[in-house]
$ cat target00.cif   # mmCIF, C-alpha atoms
data_data
loop_
_atom_site.group_PDB
_atom_site.id
_atom_site.type_symbol
_atom_site.label_atom_id
_atom_site.label_comp_id
_atom_site.auth_asym_id
_atom_site.auth_seq_id
_atom_site.Cartn_x
_atom_site.Cartn_y
_atom_site.Cartn_z
ATOM 1 C CA MET A 3 4.050 -30.946 17.968
ATOM 2 C CA THR A 4 0.541 -31.332 16.555
ATOM 3 C CA GLU A 5 -1.668 -34.242 15.655
ATOM 4 C CA LYS A 6 -3.973 -34.503 12.705
ATOM 5 C CA ARG A 7 -7.609 -34.294 13.720
ATOM 6 C CA LEU A 8 -9.540 -37.580 13.475
ATOM 7 C CA GLY A 9 -11.770 -37.492 10.409
ATOM 8 C CA ALA A 10 -10.009 -34.464 8.935
ATOM 9 C CA LYS A 11 -9.599 -34.294 5.152
ATOM 10 C CA THR A 12 -6.490 -35.961 3.705
ATOM 11 C CA TYR A 13 -4.340 -33.707 1.517
ATOM 12 C CA THR A 14 -1.636 -34.263 -1.049
ATOM 13 C CA PHE A 15 1.397 -31.962 -0.780
ATOM 14 C CA ALA A 16 0.090 -29.766 -3.600
ATOM 15 C CA GLN A 17 -3.399 -29.558 -2.099
ATOM 16 C CA ALA A 18 -1.974 -28.697 1.318
ATOM 17 C CA GLU A 19 0.132 -25.911 -0.228
ATOM 18 C CA GLN A 20 -2.897 -24.457 -2.008
ATOM 19 C CA GLU A 21 -4.999 -24.650 1.155
ATOM 20 C CA PHE A 22 -2.176 -23.011 3.128
ATOM 21 C CA ALA A 23 -2.021 -20.157 0.586
ATOM 22 C CA ARG A 24 -5.788 -19.673 0.933
ATOM 23 C CA LEU A 25 -5.673 -19.679 4.763
ATOM 24 C CA LYS A 26 -2.649 -17.349 4.814
ATOM 25 C CA ASP A 27 -4.476 -14.969 2.519
ATOM 26 C CA GLN A 28 -7.518 -14.961 4.814
ATOM 27 C CA PHE A 29 -5.232 -14.329 7.808
ATOM 28 C CA GLU A 30 -3.501 -11.414 6.099
ATOM 29 C CA GLY A 31 -6.886 -10.055 5.058
ATOM 30 C CA GLY A 32 -7.987 -10.091 8.700
ATOM 31 C CA LYS A 33 -10.611 -12.810 8.211
ATOM 32 C CA LEU A 34 -8.735 -15.327 10.374
ATOM 33 C CA THR A 35 -7.009 -14.822 13.704
ATOM 34 C CA GLU A 36 -3.568 -16.292 14.335
ATOM 35 C CA ALA A 37 -5.183 -18.918 16.600
ATOM 36 C CA ASP A 38 -7.684 -19.859 13.853
ATOM 37 C CA LEU A 39 -4.857 -20.138 11.333
ATOM 38 C CA LYS A 40 -2.834 -22.408 13.617
ATOM 39 C CA ALA A 41 -5.891 -24.554 14.381
ATOM 40 C CA GLN A 42 -6.826 -25.014 10.730
ATOM 41 C CA MET A 43 -3.233 -25.768 9.765
ATOM 42 C CA GLN A 44 -3.289 -28.829 12.003
ATOM 43 C CA ASP A 45 -5.484 -30.400 9.324
ATOM 44 C CA LEU A 46 -2.852 -29.760 6.659
ATOM 45 C CA MET A 47 -0.500 -32.513 7.838
ATOM 46 C CA VAL A 48 0.498 -34.870 5.048
ATOM 47 C CA GLN A 49 1.763 -38.444 5.420
ATOM 48 C CA ASP A 50 4.217 -39.661 2.756
ATOM 49 C CA ALA A 51 4.819 -43.178 1.413
ATOM 50 C CA LYS A 52 7.320 -43.824 4.246
ATOM 51 C CA SER A 53 4.644 -42.938 6.832
ATOM 52 C CA GLN A 54 6.524 -39.737 7.758
ATOM 53 C CA TRP A 55 4.399 -36.745 8.746
ATOM 54 C CA TRP A 56 4.930 -33.383 7.051
ATOM 55 C CA VAL A 57 3.644 -29.943 8.066
ATOM 56 C CA ILE A 58 3.954 -26.422 6.662
ATOM 57 C CA GLY A 59 5.389 -23.847 9.064
ATOM 58 C CA TYR A 60 2.746 -21.134 9.259
ATOM 59 C CA GLU A 61 5.318 -18.347 9.614
ATOM 60 C CA THR A 62 7.913 -19.566 7.120
ATOM 61 C CA GLY A 63 5.735 -21.335 4.550
ATOM 62 C CA GLN A 64 8.384 -24.103 4.454
ATOM 63 C CA TRP A 65 7.743 -27.845 4.763
ATOM 64 C CA TYR A 66 8.918 -29.677 7.903
ATOM 65 C CA VAL A 67 9.147 -33.460 8.281
ATOM 66 C CA HIS A 68 8.885 -35.328 11.589
ATOM 67 C CA VAL A 69 12.168 -37.198 12.112
ATOM 68 C CA GLY A 70 12.600 -38.933 15.465
ATOM 69 C CA GLU A 71 11.502 -36.295 17.978
ATOM 70 C CA GLU A 72 12.226 -33.288 15.804
ATOM 71 C CA TRP A 73 10.644 -31.354 12.970
ATOM 72 C CA VAL A 74 13.284 -30.848 10.267
ATOM 73 C CA GLN A 75 12.927 -28.429 7.348
ATOM 74 C CA ARG A 76 13.018 -30.296 4.021
ATOM 75 C CA ASP A 77 11.382 -30.056 0.639
ATOM 76 C CA PRO A 78 8.642 -32.674 0.183
ATOM 77 C CA PRO A 79 9.187 -35.592 -2.222
ATOM 78 C CA GLY A 80 9.017 -34.440 -5.835
ATOM 79 C CA ALA A 81 8.661 -30.748 -4.978
ATOM 80 C CA SER A 82 10.751 -28.116 -6.716
ATOM 81 C CA ARG A 83 10.034 -25.531 -4.035
ATOM 82 C CA ALA A 84 8.089 -25.303 -0.826
ATOM 83 C CA VAL A 85 4.974 -23.214 -1.329
ATOM 84 C CA PRO A 86 3.813 -21.891 -4.669
ATOM 85 C CA VAL A 87 2.573 -18.336 -4.864
ATOM 86 C CA VAL A 88 -1.094 -18.905 -5.542
ATOM 87 C CA GLU A 89 -3.542 -16.088 -5.867
ATOM 88 C CA SER A 90 -6.374 -17.416 -3.793
ATOM 89 C CA ALA A 91 -10.033 -17.304 -4.638
ATOM 90 C CA ALA A 92 -10.633 -15.284 -1.471
ATOM 91 C CA LYS A 93 -8.471 -12.420 -2.697
ATOM 92 C CA LYS A 94 -10.120 -12.397 -6.117
ATOM 93 C CA GLU A 95 -13.550 -12.217 -4.539
ATOM 94 C CA ARG A 96 -12.824 -9.140 -2.421
ATOM 95 C CA THR A 97 -14.798 -6.325 -3.969
ATOM 96 C CA LEU A 98 -14.000 -2.656 -4.321
ATOM 97 C CA TRP A 99 -16.708 -1.951 -1.754
ATOM 98 C CA GLU A 100 -14.955 -4.147 0.852
ATOM 99 C CA THR A 101 -11.448 -2.882 0.180
ATOM 100 C CA LEU A 102 -12.071 0.786 -0.612
ATOM 101 C CA TRP A 103 -15.434 2.486 -0.134
ATOM 102 C CA TRP A 104 -16.621 0.827 3.059
ATOM 103 C CA PRO A 105 -13.350 1.428 5.018
ATOM 104 C CA ALA A 106 -13.131 4.961 3.561
ATOM 105 C CA LEU A 107 -16.659 5.722 4.778
ATOM 106 C CA LEU A 108 -15.811 4.214 8.172
ATOM 107 C CA MET A 109 -12.731 6.446 8.369
ATOM 108 C CA SER A 110 -14.817 9.487 7.500
ATOM 109 C CA MET A 111 -17.381 8.713 10.209
ATOM 110 C CA GLY A 112 -14.588 7.821 12.642
ATOM 111 C CA PHE A 113 -12.885 11.192 12.193
ATOM 112 C CA ALA A 114 -16.123 13.105 12.832
ATOM 113 C CA PHE A 115 -16.611 10.918 15.930
ATOM 114 C CA SER A 116 -13.045 11.709 17.052
ATOM 115 C CA VAL A 117 -13.764 15.455 17.060
ATOM 116 C CA GLN A 118 -16.769 14.852 19.302
ATOM 117 C CA VAL A 119 -14.756 12.636 21.669
ATOM 118 C CA SER A 120 -11.771 14.978 21.946
ATOM 119 C CA SER A 121 -13.916 18.083 22.414
ATOM 120 C CA SER A 122 -16.017 16.242 25.008
ATOM 121 C CA ILE A 123 -12.800 15.509 26.935
ATOM 122 C CA SER A 124 -11.396 19.034 26.761
ATOM 123 C CA ARG A 125 -14.575 21.116 27.089
ATOM 124 C CA PRO A 126 -15.214 20.362 30.793
ATOM 125 C CA LEU A 127 -11.539 21.070 31.565
ATOM 126 C CA PHE A 128 -11.355 24.401 29.750
ATOM 127 C CA ASP A 129 -14.445 26.561 29.701
ATOM 128 C CA CYS A 130 -13.497 28.646 26.679
ATOM 129 C CA GLY A 131 -16.865 29.121 25.019
ATOM 130 C CA CYS A 132 -15.802 27.153 21.931
ATOM 131 C CA TRP A 133 -17.961 24.621 20.180
ATOM 132 C CA GLY A 134 -16.203 21.367 19.212
ATOM 133 C CA GLY A 135 -18.755 20.034 16.787
ATOM 134 C CA SER A 136 -17.180 18.886 13.550
ATOM 135 C CA GLY A 137 -16.389 22.344 12.201
ATOM 136 C CA GLY A 138 -12.712 21.779 11.498
ATOM 137 C CA TRP A 139 -9.605 23.593 12.648
ATOM 138 C CA GLU A 140 -11.705 26.590 13.810
ATOM 139 C CA TYR A 141 -12.292 24.842 17.116
ATOM 140 C CA PHE A 142 -8.599 24.771 18.014
ATOM 141 C CA ARG A 143 -8.188 28.361 16.744
ATOM 142 C CA CYS A 144 -11.073 29.409 19.015
ATOM 143 C CA LEU A 145 -9.383 27.714 21.993
ATOM 144 C CA VAL A 146 -6.112 29.544 21.230
ATOM 145 C CA HIS A 147 -7.967 32.844 20.942
ATOM 146 C CA ASN A 148 -10.132 32.445 24.054
ATOM 147 C CA CYS A 149 -7.958 30.410 26.453
ATOM 148 C CA GLY A 150 -4.401 30.380 25.074
ATOM 149 C CA THR A 151 -2.224 27.807 23.383
ATOM 150 C CA VAL A 152 -1.912 25.260 26.203
ATOM 151 C CA PRO A 153 -5.607 24.262 26.329
ATOM 152 C CA ALA A 154 -5.726 24.339 22.536
ATOM 153 C CA ALA A 155 -2.647 22.127 22.233
ATOM 154 C CA PHE A 156 -4.062 19.756 24.872
ATOM 155 C CA SER A 157 -7.339 19.420 22.975
ATOM 156 C CA ALA A 158 -5.608 19.059 19.606
ATOM 157 C CA PHE A 159 -3.288 16.410 21.097
ATOM 158 C CA PHE A 160 -6.316 14.359 22.188
ATOM 159 C CA PHE A 161 -7.936 14.864 18.799
ATOM 160 C CA GLY A 162 -4.787 13.613 17.053
ATOM 161 C CA ILE A 163 -4.490 10.519 19.225
ATOM 162 C CA VAL A 164 -8.146 9.524 18.907
ATOM 163 C CA THR A 165 -8.243 10.229 15.162
ATOM 164 C CA GLY A 166 -4.982 8.413 14.495
ATOM 165 C CA LEU A 167 -6.132 5.450 16.555
ATOM 166 C CA VAL A 168 -9.462 5.260 14.709
ATOM 167 C CA GLY A 169 -7.805 5.582 11.294
ATOM 168 C CA ALA A 170 -5.048 3.050 11.982
ATOM 169 C CA LEU A 171 -7.456 0.518 13.529
ATOM 170 C CA ILE A 172 -9.723 0.719 10.470
ATOM 171 C CA ILE A 173 -6.685 0.075 8.245
ATOM 172 C CA LYS A 174 -5.586 -2.811 10.515
ATOM 173 C CA SER A 175 -9.078 -4.335 10.330
ATOM 174 C CA VAL A 176 -8.643 -4.666 6.543
ATOM 175 C CA TYR A 177 -4.863 -5.226 6.415
ATOM 176 C CA ALA A 178 -3.978 -7.356 9.443
ATOM 177 C CA THR A 179 -0.244 -7.167 8.673
ATOM 178 C CA LEU A 180 -0.221 -3.608 10.043
ATOM 179 C CA THR A 181 1.291 -4.176 13.482
ATOM 180 C CA TRP A 182 0.272 -2.645 16.806
ATOM 181 C CA LYS A 183 3.558 -0.730 16.753
ATOM 182 C CA HIS A 184 2.452 0.964 13.515
ATOM 183 C CA VAL A 185 -0.947 1.770 15.049
ATOM 184 C CA ALA A 186 0.794 3.341 18.065
ATOM 185 C CA ILE A 187 3.133 5.385 15.843
ATOM 186 C CA VAL A 188 0.223 6.822 13.839
ATOM 187 C CA ALA A 189 -1.875 7.617 16.950
ATOM 188 C CA GLY A 190 1.026 9.101 18.930
ATOM 189 C CA GLY A 191 2.455 10.903 15.913
ATOM 190 C CA TRP A 192 -0.831 12.518 15.010
ATOM 191 C CA GLY A 193 -1.297 13.579 18.647
ATOM 192 C CA VAL A 194 2.090 15.306 18.636
ATOM 193 C CA LEU A 195 1.549 16.838 15.180
ATOM 194 C CA PHE A 196 -1.860 18.286 15.986
ATOM 195 C CA GLY A 197 -0.701 19.459 19.391
ATOM 196 C CA LEU A 198 2.346 21.179 17.892
ATOM 197 C CA GLY A 199 0.201 22.496 15.050
ATOM 198 C CA THR A 200 -1.735 24.729 17.409
ATOM 199 C CA PHE A 201 1.540 26.347 18.535
ATOM 200 C CA LEU A 202 2.816 26.828 15.012
ATOM 201 C CA ASP A 203 -0.475 27.985 13.505
ATOM 202 C CA MET B 16 -10.570 36.869 4.764
ATOM 203 C CA GLU B 17 -7.090 37.198 6.209
ATOM 204 C CA PHE B 18 -8.158 35.085 9.195
ATOM 205 C CA GLU B 19 -9.696 32.495 6.856
ATOM 206 C CA SER B 20 -6.566 32.289 4.682
ATOM 207 C CA SER B 21 -4.288 31.980 7.696
ATOM 208 C CA LEU B 22 -6.562 29.328 9.191
ATOM 209 C CA LEU B 23 -6.562 27.393 5.967
ATOM 210 C CA PHE B 24 -2.774 27.609 5.596
ATOM 211 C CA GLY B 25 -2.168 26.336 9.139
ATOM 212 C CA SER B 26 -4.596 23.455 8.888
ATOM 213 C CA VAL B 27 -3.324 22.423 5.450
ATOM 214 C CA LEU B 28 0.231 22.072 6.787
ATOM 215 C CA VAL B 29 -0.822 20.080 9.845
ATOM 216 C CA PHE B 30 -3.104 17.753 7.915
ATOM 217 C CA ALA B 31 -0.471 17.253 5.210
ATOM 218 C CA ALA B 32 2.102 16.322 7.871
ATOM 219 C CA ALA B 33 -0.354 13.861 9.448
ATOM 220 C CA GLY B 34 -1.082 12.317 6.029
ATOM 221 C CA LEU B 35 2.646 12.028 5.311
ATOM 222 C CA LEU B 36 3.233 10.232 8.623
ATOM 223 C CA LEU B 37 0.430 7.765 7.856
ATOM 224 C CA ALA B 38 1.807 7.126 4.358
ATOM 225 C CA LEU B 39 5.350 6.563 5.668
ATOM 226 C CA VAL B 40 4.082 4.127 8.300
ATOM 227 C CA LEU B 41 2.167 2.190 5.632
ATOM 228 C CA ARG B 42 5.324 2.158 3.502
ATOM 229 C CA SER B 43 7.452 0.889 6.379
ATOM 230 C CA ALA B 44 4.840 -1.852 6.926
ATOM 231 C CA ARG B 45 5.299 -2.682 3.197
ATOM 232 C CA LEU B 46 1.606 -2.176 2.567
ATOM 233 C CA ILE B 47 2.383 0.452 -0.068
ATOM 234 C CA SER B 48 5.579 0.844 -2.038
ATOM 235 C CA LYS B 49 5.162 3.586 -4.642
ATOM 236 C CA TRP B 50 6.159 7.150 -3.747
ATOM 237 C CA GLY B 51 3.222 8.310 -5.876
ATOM 238 C CA HIS B 52 0.912 6.654 -3.358
ATOM 239 C CA VAL B 53 2.750 8.435 -0.514
ATOM 240 C CA VAL B 54 2.156 11.776 -2.267
ATOM 241 C CA LEU B 55 -1.498 10.906 -2.868
ATOM 242 C CA ILE B 56 -2.144 10.043 0.790
ATOM 243 C CA THR B 57 -0.216 13.119 1.951
ATOM 244 C CA SER B 58 -2.249 15.469 -0.211
ATOM 245 C CA ALA B 59 -5.694 13.871 0.251
ATOM 246 C CA TRP B 60 -6.527 15.256 3.694
ATOM 247 C CA PRO B 61 -5.510 18.873 2.922
ATOM 248 C CA ILE B 62 -7.396 18.704 -0.391
ATOM 249 C CA GLY B 63 -10.454 17.481 1.521
ATOM 250 C CA MET B 64 -10.112 20.376 3.990
ATOM 251 C CA VAL B 65 -9.732 22.945 1.165
ATOM 252 C CA THR B 66 -12.720 21.465 -0.662
ATOM 253 C CA ASP B 67 -14.784 21.718 2.484
ATOM 254 C CA TRP B 68 -13.598 25.300 2.999
ATOM 255 C CA MET B 69 -14.491 26.264 -0.576
ATOM 256 C CA LEU B 70 -17.927 24.658 -0.331
ATOM 257 C CA ARG B 71 -18.545 25.627 3.278
ATOM 258 C CA GLY B 72 -22.008 26.959 2.447
ATOM 259 C CA PHE B 73 -22.985 23.378 1.689
ATOM 260 C CA PHE B 74 -20.691 21.309 3.884
ATOM 261 C CA TYR B 75 -20.367 23.628 6.871
ATOM 262 C CA GLY B 76 -19.905 21.655 10.063
ATOM 263 C CA MET B 77 -18.895 18.525 8.185
ATOM 264 C CA ALA B 78 -15.219 19.260 7.595
ATOM 265 C CA TYR B 79 -13.936 16.024 9.072
ATOM 266 C CA VAL B 80 -16.539 13.934 7.284
ATOM 267 C CA VAL B 81 -15.534 15.352 3.889
ATOM 268 C CA ALA B 82 -11.791 15.421 4.586
ATOM 269 C CA GLY B 83 -11.882 11.991 6.251
ATOM 270 C CA LEU B 84 -13.602 10.552 3.198
ATOM 271 C CA ALA B 85 -10.891 12.049 0.963
ATOM 272 C CA LEU B 86 -8.102 10.600 3.118
ATOM 273 C CA GLY B 87 -9.874 7.252 3.481
ATOM 274 C CA ALA B 88 -10.545 6.909 -0.251
ATOM 275 C CA ALA B 89 -6.937 7.820 -1.154
ATOM 276 C CA THR B 90 -5.464 5.502 1.494
ATOM 277 C CA PHE B 91 -7.564 2.453 0.709
ATOM 278 C CA TRP B 92 -7.252 2.999 -3.052
ATOM 279 C CA ALA B 93 -3.445 2.988 -2.687
ATOM 280 C CA LEU B 94 -3.602 -0.060 -0.403
ATOM 281 C CA SER B 95 -5.876 -2.006 -2.755
ATOM 282 C CA LYS B 96 -3.637 -1.154 -5.739
ATOM 283 C CA SER B 97 -0.534 -2.261 -3.845
ATOM 284 C CA ASN B 98 -2.071 -5.466 -2.505
ATOM 285 C CA SER B 99 -4.121 -6.670 -5.482
#

$ encode --input "target00.cif" --output "structure tokens"
Amino acid sequence: MTEKRLGAKTYTFAQAEQEFARLKDQFEGGKLTEADLKAQMQDLMVQDAKSQWWVIGYETGQWYVHVGEEWVQRDPPGASRAVPVVESAAKKERTLWETLWWPALLMSMGFAFSVQVSSSISRPLFDCGCWGGSGGWEYFRCLVHNCGTVPAAFSAFFFGIVTGLVGALIIKSVYATLTWKHVAIVAGGWGVLFGLGTFLD
Amino acid sequence: MEFESSLLFGSVLVFAAAGLLLALVLRSARLISKWGHVVLITSAWPIGMVTDWMLRGFFYGMAYVVAGLALGAATFWALSKSNS
């Protein structure tokens, strides 16, 4: 499976569990990639008094011991349960600026950028005399009025996709557990909603 | 005024629906759990649009900046509360 790096720090079971909780927290906070997590967990191997090697499964959080040629799930000697729920120092240190105001500002700027992108895509296709800018729903209303609902829906669809993508990616950058499927649902869903919105408005 | 009211009504519904979708996706990803947070995220974008509309003399041309900030603040506040 894996081998402990030469010169790497030696951990007790408890220390390895705490370090795993810290790394897992960083991964979920988007500060570590899956590859980084796996690489750093190679250092968390623990050797017991019987010279058996133990590792923590990075997905399950359970201990596995190397028996023969296999890794078998077992609780380590003297442990009441596998991995304690430890609130890591990393989570405590995350400030309100990092978790709230900075991503909110990014989202705000990203949405204004999305209007520019979507109007830049649709304007050359439909010469309707409307200004995209960042003036709000008026742009799509102008397209409906000047060119009809199809160009308006097309432009609004693009706006929804770009805006949803920007918003979901900003959320994913802070909360890595948001999957790509969720990102796609938000982007596609907003595209459909905004596109349909121009018909219903 | 009739045009303005109609415009506002249409955009409020669309933005509320988009906010609701985002909130439901975050809930399905177990990043938020409280229905109060779903309501907050759903209402934030329309409230931002209405605020911009009411203050358009000051914020004209910045609708998505103002409304995006409202949605972003509501979303990340709910996320930080649920994941603290």

$ atom_distance --input "target00.cif" --atom1 "atom CA of Lys52 of chain A" --atom2 "atom CA of Pro79 of chain A"
10.6 Å

$ atom_distance --input "target00.cif" --atom1 "atom CA of Val48 of chain A" --atom2 "atom CA of Gln20 of chain A"
13.0 Å

$ closest_residue --input "target00.cif" --among "B:Val65, B:Val80, B:Ile47, B:Leu94" --to "chain A" --atoms "all atoms listed in the file"
B:Val80

$ closest_residue --input "target00.cif" --among "B:Leu70, B:Ala89, B:Gly83, B:Pro61" --to "chain A" --atoms "all atoms listed in the file"
B:Gly83

$ interface_residues --input "target00.cif" --of "chain B" --to "chain A" --cutoff "7 Å" --atoms "all atoms listed in the file" --output "PyMOL selection string"
chain B and resi 25-26+29+33+36-37+40+44+75-81+83-84+87-88+91-92+95

$ resolve_selection --input "target00.cif" --expression "the PyMOL selection byres ((chain A and resi 156) around 12)" --output "mmCIF file with C-alpha atoms, in the frame of the given file"
data_model
loop_
_atom_site.group_PDB
_atom_site.id
_atom_site.type_symbol
_atom_site.label_atom_id
_atom_site.label_comp_id
_atom_site.auth_asym_id
_atom_site.auth_seq_id
_atom_site.Cartn_x
_atom_site.Cartn_y
_atom_site.Cartn_z
ATOM 1 C CA SER A 120 -11.771 14.978 21.946
ATOM 2 C CA SER A 121 -13.916 18.083 22.414
ATOM 3 C CA ILE A 123 -12.800 15.509 26.935
ATOM 4 C CA SER A 124 -11.396 19.034 26.761
ATOM 5 C CA ARG A 125 -14.575 21.116 27.089
ATOM 6 C CA LEU A 127 -11.539 21.070 31.565
ATOM 7 C CA PHE A 128 -11.355 24.401 29.750
ATOM 8 C CA PHE A 142 -8.599 24.771 18.014
ATOM 9 C CA LEU A 145 -9.383 27.714 21.993
ATOM 10 C CA VAL A 146 -6.112 29.544 21.230
ATOM 11 C CA CYS A 149 -7.958 30.410 26.453
ATOM 12 C CA GLY A 150 -4.401 30.380 25.074
ATOM 13 C CA THR A 151 -2.224 27.807 23.383
ATOM 14 C CA VAL A 152 -1.912 25.260 26.203
ATOM 15 C CA PRO A 153 -5.607 24.262 26.329
ATOM 16 C CA ALA A 154 -5.726 24.339 22.536
ATOM 17 C CA ALA A 155 -2.647 22.127 22.233
ATOM 18 C CA SER A 157 -7.339 19.420 22.975
ATOM 19 C CA ALA A 158 -5.608 19.059 19.606
ATOM 20 C CA PHE A 159 -3.288 16.410 21.097
ATOM 21 C CA PHE A 160 -6.316 14.359 22.188
ATOM 22 C CA PHE A 161 -7.936 14.864 18.799
ATOM 23 C CA GLY A 162 -4.787 13.613 17.053
ATOM 24 C CA ILE A 163 -4.490 10.519 19.225
ATOM 25 C CA GLY A 193 -1.297 13.579 18.647
ATOM 26 C CA VAL A 194 2.090 15.306 18.636
ATOM 27 C CA LEU A 195 1.549 16.838 15.180
ATOM 28 C CA PHE A 196 -1.860 18.286 15.986
ATOM 29 C CA GLY A 197 -0.701 19.459 19.391
ATOM 30 C CA LEU A 198 2.346 21.179 17.892
ATOM 31 C CA GLY A 199 0.201 22.496 15.050
ATOM 32 C CA THR A 200 -1.735 24.729 17.409
ATOM 33 C CA PHE A 201 1.540 26.347 18.535
#

$ atom_distance --input "target00.cif" --atom1 "atom CA of Thr66 of chain B" --atom2 "atom CA of Ala82 of chain B"
8.1 Å

$ resolve_selection --input "target00.cif" --expression "the PyMOL selection byres ((chain A and resi 22) around 10)" --output "list in words"
Ala16, Gln17, Ala18, Glu19, Gln20, Glu21, Ala23, Arg24, Leu25, Lys26, Asp27, Gln28, Leu39, Gln42, Met43, Leu46, Ile58, Gly59, Tyr60, Gly63, Val85, Pro86, Val88 and Ser90 of chain A

$ closest_residue --input "target00.cif" --among "B:Ala59, B:Val53, B:Val27, B:Leu86" --to "Leu39 of chain B" --atoms "all atoms listed in the file"
B:Val53

$ build_atoms --input "target00.cif" --residues "segment 117-123 of chain A" --atoms "all heavy atoms" --output "short mmCIF file (atom, residue, chain, number, x, y, z; two decimals), in the coordinates of the input"
data_model
loop_
_atom_site.label_atom_id
_atom_site.label_comp_id
_atom_site.auth_asym_id
_atom_site.auth_seq_id
_atom_site.Cartn_x
_atom_site.Cartn_y
_atom_site.Cartn_z
N VAL A 117 -13.64 14.04 16.67
CA VAL A 117 -13.76 15.46 17.06
C VAL A 117 -14.69 15.57 18.26
O VAL A 117 -14.42 16.30 19.22
CB VAL A 117 -14.33 16.30 15.90
CG1 VAL A 117 -14.42 17.76 16.30
CG2 VAL A 117 -13.46 16.17 14.68
N GLN A 118 -15.80 14.81 18.19
CA GLN A 118 -16.77 14.85 19.30
C GLN A 118 -16.13 14.34 20.59
O GLN A 118 -16.29 14.94 21.66
CB GLN A 118 -18.00 13.98 18.97
CG GLN A 118 -18.70 14.34 17.69
CD GLN A 118 -19.39 15.69 17.77
OE1 GLN A 118 -19.56 16.24 18.85
NE2 GLN A 118 -19.75 16.24 16.61
N VAL A 119 -15.37 13.23 20.48
CA VAL A 119 -14.76 12.64 21.67
C VAL A 119 -13.73 13.59 22.27
O VAL A 119 -13.75 13.87 23.48
CB VAL A 119 -14.08 11.29 21.32
CG1 VAL A 119 -13.24 10.78 22.48
CG2 VAL A 119 -15.12 10.25 20.96
N SER A 120 -12.84 14.12 21.42
CA SER A 120 -11.77 14.98 21.95
C SER A 120 -12.33 16.28 22.52
O SER A 120 -11.86 16.77 23.55
CB SER A 120 -10.73 15.27 20.87
OG SER A 120 -11.32 15.89 19.76
N SER A 121 -13.35 16.84 21.87
CA SER A 121 -13.92 18.08 22.41
C SER A 121 -14.70 17.81 23.70
O SER A 121 -14.74 18.63 24.60
CB SER A 121 -14.79 18.79 21.38
OG SER A 121 -15.87 17.97 21.01
N SER A 122 -15.30 16.61 23.78
CA SER A 122 -16.02 16.24 25.01
C SER A 122 -15.05 16.10 26.17
O SER A 122 -15.39 16.36 27.33
CB SER A 122 -16.76 14.91 24.83
OG SER A 122 -17.70 15.03 23.81
N ILE A 123 -13.81 15.65 25.89
CA ILE A 123 -12.80 15.51 26.94
C ILE A 123 -12.30 16.88 27.38
O ILE A 123 -12.16 17.15 28.58
CB ILE A 123 -11.62 14.64 26.43
CG1 ILE A 123 -12.09 13.19 26.24
CG2 ILE A 123 -10.45 14.68 27.40
CD1 ILE A 123 -11.09 12.32 25.51
#
